[in-house]
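Here the structure is laid out as structure tokens; the discussion comes afterwards.
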Amino acid sequence: MAQKITKREQDYSQWYLDVVKEAKLAEHSPVRGCMVIRPNGMALWENMQAGLDGMFKETGHENAYFPLFIPKSFLSKEAQHVEGFAKECAVITHSRLKAVDGGVEVDPESKLEEELIVRPTSETIIWDTYRNWIQSFRDLPILINQWANVVRWEMRTRLFLRTMEFLWQEGHTAHATKQEAVDETLQMLEVYRTFAEDYMAMPVITGVKTESERFAGAEDTYCIEALMQDGKALQAGTSHFLGQNFAKAFDVKFQDSDGDHKLVWATSWGVSTRLIGGLIMTHSDDQGLVLPPKLAPTQVVIVPIYRDDEQRAVVLEYGDSIYNELKELGIRVKLDDRDNYKPGFKFAEHEATGIPLRIAVGPRDVEKGNVELARRDTKNKSFESREGIGTLVQELLGTIQNDLFETAKKRRDEKTSEVDSYEEFKSVLEEKGGFVYAHWDGTAETEELIKNETKATIRCIPLTEGKAGKCMVTGNPSKQKVLFAKAY
RNA sequence: CGGGGAGUGGCGCAGCCCGGUAGCGCAUCCGCUUUGGGAGCGGAGGGUCGCAGGUUCAAAUCCUGUCUCCCCGACCA
């Protein structure tokens with residue numbers, strides 16, 4: 001049997017690329033650092049979008065769309081923000097080409113008076129717009145989300161995890177009070193946690209970023225951090241309390257019920273196609289992609305097995321009846337009736353693409369009134385009665401969803417350590433990797449030192465209360481242990 | 001952006017050192033036999049050798065430039 005996917009233990013990076021390729025999720029494009037998202041990958045993203053979008057709507061948000069281009073001057077209005085993004089912006093300087101013997105070149109006559117920036121994020125153009133929308137406290141809050149593409153000029157890219165152009169959603173809200181904005185920030189963090197755990201079956205730690213890891217322009221950046229199978233952390237989503245920074249920069253004020261003019265409080269929050277990278281590295285194995293049923297574009301595939309046309313007809317009819325029964329129940333099911341591939345090939349292919357459940361039916365099953373059920377996650381096979389298969393499949397999809405989460409959580413917990421000394425910290429990182437909780441004195445200097453010496457960064461200061469102690473490096477007081485890891 | 005590796009039919013590779021006009025496996029198409037874990041045999045189609053210059057009677061092969069991808073670092077979601 002041809003093994004097309006590199007083993008994880010052999011080369012984790014190559015394994016990741018092989019899974020993306022064999023699952024037909026995405027491929028490299030002719031443009032450096034940009035990917036082509038293939039139908040399988042897009043269908044997965046669409047399911048993720050649907051789940052998140054529903055949760056945004058439930059929490060009172062509406063979708064809108066703002067331009068891809070941002071006038072250069074907008075970006076320079078918030079000092080921290082500019083500094084954070086200046087180095088990775090694509091700049092549009094000209095508006096047209098002209099034909100020259102067989103080719104084209106930039107028409108120097110078309111130079112723009114003010115350059116346009118391809119959005120790396122949309123705070124600036126959105127806040128410039130909000131200024132016009134907000135006069136009174138009655139206009140608040142504004143709770144808007146947009147689904148969009150953004151561009152960040154990255155030097156080193158990896159499919160889904162870091163690409164120059166990526167798809168994401170960015171929520172931008174405006175509030176009358178600080179408390180309301182803080183509540184919103186935390187509410188959306190909780191939405192992300194729920195989505196990661198309930199839909200993606202990916203356990204996450206919620207926390208606050210340190211100053212050095214904070215979003216440019218934010219007062220506080222909250223995040224969800226997941227741990228991948230290779231022991232490296234992945235920042236999977238962020239929710240920012242922006243204070244009044246953008247309100248000040250874009251002069252967004254409202255008249256409150258007390259008659260005073262006040263600056264608006266802001267939040268922004270986002271998750272991107274990077275989540276797909278996280279999903280892959282959380283569940284997948286050496287056979288390929290493993291998907292949680294809630295997000296899998298196809299949840300069940302039926303593979304017919306037969307020898308001749310006569311058997312084919314019988315088996316297909318049988319398979320078709322199962323297909324209809326599952327479809328009636330709202331299960332995303334496919335009947336793989338392709339005649340040019342053998343069952344073994346189909347099995348391997350459906351495993352590589354991560355379909356959670358496979359039903360194989362052959363003449364023997366038709367005769368006995370059976371089906372063969374195979375789970376993608378455990379590779380467990382069993383024979384089940386055709387009777388009541390719909391309910392069984394429905395239950396099993398739920399079981400798989402739960403088991404994936406439990407397995408991932410167990411793996412995460414096994415790779416999570418707690419240390420008291422810097423020596424211990426270094427040896428744990430070296431030998432085991434993963435998440436490491438340790439005391440830190442709260443200074444950027446110590447954080448920097450640890451990063452330089454061990455390559456581990458503070459992923460977050462967990463929201464759960466911890467005990468006070470002494471910094472493992474300096475011995476200075478520490479309020480609680482913080483979460484360290486090497487990160488993607 | 002620094003270091004290393006690589007670009008040759010759709011995919012994976014050989015050929016390059018030592019220039020002589022491109023080959024293998026898989027995939028594709030046709031036919032027959034097959035079908036409970038990546039089928040077999042026979043036949044067929046498909047390549048400006050990443051791109052641009054240069055050297056030469058002659059370049060996949062030698063020289064220069066350039067683009068892209070992969071791995072490792074620095075930076076970041």
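Residues are referred to by chain and number: the chain letter is A, B, ... according to the order shown in the structure tokens, the number counts from 1 in that chain, and ligands are numbered separately from 1 in the order shown.
Near Tyr222 of chain A, within 9 Å and counting only C-alpha atoms (C1' of nucleotides), sit Thr185, Leu186, Leu189, Thr206, Gly207, Val208, Lys209, Arg214, Gly237, Thr238, Ser239, His240, Phe241 and Cys460 of chain A, not including residues fewer than 4 positions from it in the same chain.
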Inset, instruction - Run DSSP on the backbone and give me the residues of segment 376-475 of chain A it puts in alpha helix (DSSP H), as a PyMOL selection string. - result: chain A and resi 389-414+422-431+444-454
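Comparing B:C62, B:C26, B:C75, B:C1 by their smallest distance to C13 of chain B, the closest is B:C26 (using only C-alpha atoms (C1' of nucleotides)).
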Inset, instruction - Return the neighbours of chain A among the residues of chain B, cut-off 10 Å, counting only C-alpha atoms (C1' of nucleotides), as a ChimeraX atom specification. - result: /B:1,34-39,67-71,75-77
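Of all the residues in segment 60-98 of chain A, the ones DSSP labels as strand (DSSP E or B) from the backbone are Glu62, Asn63, Phe69, Ile70, Pro71, Val91, Ile92, Thr93, His94, Leu97 and Lys98 of chain A.
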Write the residues of the preceding selection, restricted to all heavy atoms, as a PDB file, in the first residue's frame.
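Dumped everything to again.pdb:
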ATOM      1  N   GLU A  62     -24.493  42.137  13.816  1.00  0.00           N
ATOM      2  CA  GLU A  62     -24.946  42.156  12.428  1.00  0.00           C
ATOM      3  C   GLU A  62     -23.720  42.162  11.526  1.00  0.00           C
ATOM      4  O   GLU A  62     -22.669  42.691  11.894  1.00  0.00           O
ATOM      5  CB  GLU A  62     -25.745  43.431  12.140  1.00  0.00           C
ATOM      6  CG  GLU A  62     -27.030  43.559  12.919  1.00  0.00           C
ATOM      7  CD  GLU A  62     -27.691  44.901  12.645  1.00  0.00           C
ATOM      8  OE1 GLU A  62     -27.095  45.951  12.981  1.00  0.00           O
ATOM      9  OE2 GLU A  62     -28.787  44.890  12.076  1.00  0.00           O
ATOM     10  N   ASN A  63     -23.881  41.641  10.318  1.00  0.00           N
ATOM     11  CA  ASN A  63     -22.779  41.675   9.365  1.00  0.00           C
ATOM     12  C   ASN A  63     -22.836  42.924   8.497  1.00  0.00           C
ATOM     13  O   ASN A  63     -23.910  43.425   8.187  1.00  0.00           O
ATOM     14  CB  ASN A  63     -22.814  40.447   8.456  1.00  0.00           C
ATOM     15  CG  ASN A  63     -22.334  39.201   9.178  1.00  0.00           C
ATOM     16  OD1 ASN A  63     -21.486  39.279  10.078  1.00  0.00           O
ATOM     17  ND2 ASN A  63     -22.852  38.055   8.799  1.00  0.00           N
ATOM     18  N   PHE A  69      -9.599  48.489   0.557  1.00  0.00           N
ATOM     19  CA  PHE A  69      -8.525  49.502   0.524  1.00  0.00           C
ATOM     20  C   PHE A  69      -8.708  50.538   1.618  1.00  0.00           C
ATOM     21  O   PHE A  69      -9.815  50.988   1.895  1.00  0.00           O
ATOM     22  CB  PHE A  69      -8.523  50.233  -0.824  1.00  0.00           C
ATOM     23  CG  PHE A  69      -8.435  49.314  -1.996  1.00  0.00           C
ATOM     24  CD1 PHE A  69      -9.376  49.395  -3.020  1.00  0.00           C
ATOM     25  CD2 PHE A  69      -7.430  48.370  -2.083  1.00  0.00           C
ATOM     26  CE1 PHE A  69      -9.299  48.542  -4.111  1.00  0.00           C
ATOM     27  CE2 PHE A  69      -7.354  47.513  -3.172  1.00  0.00           C
ATOM     28  CZ  PHE A  69      -8.288  47.606  -4.189  1.00  0.00           C
ATOM     29  N   ILE A  70      -7.590  50.903   2.203  1.00  0.00           N
ATOM     30  CA  ILE A  70      -7.619  51.905   3.264  1.00  0.00           C
ATOM     31  C   ILE A  70      -6.661  53.032   2.882  1.00  0.00           C
ATOM     32  O   ILE A  70      -5.493  52.772   2.560  1.00  0.00           O
ATOM     33  CB  ILE A  70      -7.180  51.271   4.599  1.00  0.00           C
ATOM     34  CG1 ILE A  70      -8.176  50.170   4.988  1.00  0.00           C
ATOM     35  CG2 ILE A  70      -7.083  52.322   5.692  1.00  0.00           C
ATOM     36  CD1 ILE A  70      -7.775  49.392   6.214  1.00  0.00           C
ATOM     37  N   PRO A  71      -7.143  54.281   2.919  1.00  0.00           N
ATOM     38  CA  PRO A  71      -6.238  55.395   2.616  1.00  0.00           C
ATOM     39  C   PRO A  71      -5.060  55.373   3.592  1.00  0.00           C
ATOM     40  O   PRO A  71      -5.247  55.123   4.783  1.00  0.00           O
ATOM     41  CB  PRO A  71      -7.107  56.636   2.845  1.00  0.00           C
ATOM     42  CG  PRO A  71      -8.512  56.149   2.713  1.00  0.00           C
ATOM     43  CD  PRO A  71      -8.512  54.736   3.217  1.00  0.00           C
ATOM     44  N   VAL A  91       0.972  48.022  -0.455  1.00  0.00           N
ATOM     45  CA  VAL A  91       0.643  49.402  -0.790  1.00  0.00           C
ATOM     46  C   VAL A  91       0.316  49.518  -2.270  1.00  0.00           C
ATOM     47  O   VAL A  91       1.055  49.020  -3.112  1.00  0.00           O
ATOM     48  CB  VAL A  91       1.850  50.321  -0.478  1.00  0.00           C
ATOM     49  CG1 VAL A  91       1.499  51.772  -0.755  1.00  0.00           C
ATOM     50  CG2 VAL A  91       2.301  50.133   0.962  1.00  0.00           C
ATOM     51  N   ILE A  92      -0.795  50.184  -2.537  1.00  0.00           N
ATOM     52  CA  ILE A  92      -1.172  50.405  -3.935  1.00  0.00           C
ATOM     53  C   ILE A  92      -0.778  51.818  -4.331  1.00  0.00           C
ATOM     54  O   ILE A  92      -1.205  52.787  -3.699  1.00  0.00           O
ATOM     55  CB  ILE A  92      -2.675  50.194  -4.129  1.00  0.00           C
ATOM     56  CG1 ILE A  92      -3.010  48.744  -3.822  1.00  0.00           C
ATOM     57  CG2 ILE A  92      -3.089  50.554  -5.549  1.00  0.00           C
ATOM     58  CD1 ILE A  92      -4.465  48.488  -3.695  1.00  0.00           C
ATOM     59  N   THR A  93       0.047  51.898  -5.353  1.00  0.00           N
ATOM     60  CA  THR A  93       0.580  53.207  -5.737  1.00  0.00           C
ATOM     61  C   THR A  93       0.045  53.695  -7.078  1.00  0.00           C
ATOM     62  O   THR A  93       0.079  54.881  -7.367  1.00  0.00           O
ATOM     63  CB  THR A  93       2.119  53.154  -5.826  1.00  0.00           C
ATOM     64  OG1 THR A  93       2.476  52.110  -6.736  1.00  0.00           O
ATOM     65  CG2 THR A  93       2.729  52.871  -4.459  1.00  0.00           C
ATOM     66  N   HIS A  94      -0.397  52.769  -7.905  1.00  0.00           N
ATOM     67  CA  HIS A  94      -0.843  53.148  -9.253  1.00  0.00           C
ATOM     68  C   HIS A  94      -2.200  52.537  -9.561  1.00  0.00           C
ATOM     69  O   HIS A  94      -2.569  51.522  -8.990  1.00  0.00           O
ATOM     70  CB  HIS A  94       0.170  52.694 -10.305  1.00  0.00           C
ATOM     71  CG  HIS A  94       1.466  53.428 -10.234  1.00  0.00           C
ATOM     72  ND1 HIS A  94       2.408  53.150  -9.270  1.00  0.00           N
ATOM     73  CD2 HIS A  94       1.976  54.440 -10.989  1.00  0.00           C
ATOM     74  CE1 HIS A  94       3.448  53.966  -9.438  1.00  0.00           C
ATOM     75  NE2 HIS A  94       3.208  54.757 -10.475  1.00  0.00           N
ATOM     76  N   LEU A  97      -2.426  49.932 -15.829  1.00  0.00           N
ATOM     77  CA  LEU A  97      -1.304  49.432 -16.612  1.00  0.00           C
ATOM     78  C   LEU A  97      -1.419  50.014 -18.008  1.00  0.00           C
ATOM     79  O   LEU A  97      -2.452  50.562 -18.373  1.00  0.00           O
ATOM     80  CB  LEU A  97      -1.371  47.909 -16.708  1.00  0.00           C
ATOM     81  CG  LEU A  97      -1.365  47.140 -15.391  1.00  0.00           C
ATOM     82  CD1 LEU A  97      -1.672  45.668 -15.648  1.00  0.00           C
ATOM     83  CD2 LEU A  97      -0.023  47.285 -14.694  1.00  0.00           C
ATOM     84  N   LYS A  98      -0.365  49.882 -18.763  1.00  0.00           N
ATOM     85  CA  LYS A  98      -0.502  50.189 -20.195  1.00  0.00           C
ATOM     86  C   LYS A  98       0.202  49.106 -20.987  1.00  0.00           C
ATOM     87  O   LYS A  98       1.192  48.523 -20.537  1.00  0.00           O
ATOM     88  CB  LYS A  98       0.041  51.570 -20.519  1.00  0.00           C
ATOM     89  CG  LYS A  98       1.514  51.758 -20.262  1.00  0.00           C
ATOM     90  CD  LYS A  98       1.953  53.138 -20.713  1.00  0.00           C
ATOM     91  CE  LYS A  98       3.446  53.336 -20.533  1.00  0.00           C
ATOM     92  NZ  LYS A  98       3.883  54.694 -20.899  1.00  0.00           N
TER      93      LYS A  98
END
Inset, instruction - Fewer than 3 positions away in the same chain doesn't count, so skip those; otherwise give me all residues within 7 Å of segment 4-12 of chain B, counting only C-alpha atoms (C1' of nucleotides), as an MDAnalysis selection string. - result: chainID B and resid 46:47 49:50 60
Inset, instruction - State, in Å with one decimal place, the distance from atom CA of Cys34 of chain A to atom CA of Glu165 of chain A. - result: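 A separation of 5.8 Å between them.
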For Arg459 of chain A, work out the shell of residues within 9 Å, counting only C-alpha atoms (C1' of nucleotides) and skipping chain neighbours fewer than 3 positions away, then give it as a PDB file with C-alpha atoms, in the first residue's frame.
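Done, and the output landed in around01.pdb:
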ATOM      1  CA  GLY A 207      -6.271  34.278  28.958  1.00  0.00           C
ATOM      2  CA  VAL A 208      -4.841  37.760  28.536  1.00  0.00           C
ATOM      3  CA  LYS A 209      -1.788  38.572  26.462  1.00  0.00           C
ATOM      4  CA  THR A 210       1.220  40.267  27.989  1.00  0.00           C
ATOM      5  CA  GLU A 213       2.092  40.056  22.650  1.00  0.00           C
ATOM      6  CA  CYS A 223      -6.974  34.981  23.457  1.00  0.00           C
ATOM      7  CA  GLU A 225      -4.610  29.151  22.987  1.00  0.00           C
ATOM      8  CA  ALA A 233       0.931  26.280  20.950  1.00  0.00           C
ATOM      9  CA  LEU A 234      -1.354  27.938  18.456  1.00  0.00           C
ATOM     10  CA  GLN A 235      -3.090  31.244  19.053  1.00  0.00           C
ATOM     11  CA  PHE A 435       2.270  24.055  27.868  1.00  0.00           C
ATOM     12  CA  ALA A 456       9.183  29.859  24.708  1.00  0.00           C
ATOM     13  CA  PRO A 462      -4.858  32.517  32.336  1.00  0.00           C
ATOM     14  CA  VAL A 482       1.379  32.125  33.540  1.00  0.00           C
ATOM     15  CA  LEU A 483       1.236  29.878  30.503  1.00  0.00           C
ATOM     16  CA  PHE A 484       4.415  29.371  28.519  1.00  0.00           C
ATOM     17  CA  ALA A 485       4.997  27.422  25.293  1.00  0.00           C
ATOM     18  CA  LYS A 486       6.848  27.455  22.046  1.00  0.00           C
ATOM     19  CA  ALA A 487       4.345  28.728  19.555  1.00  0.00           C
TER      20      ALA A 487
END
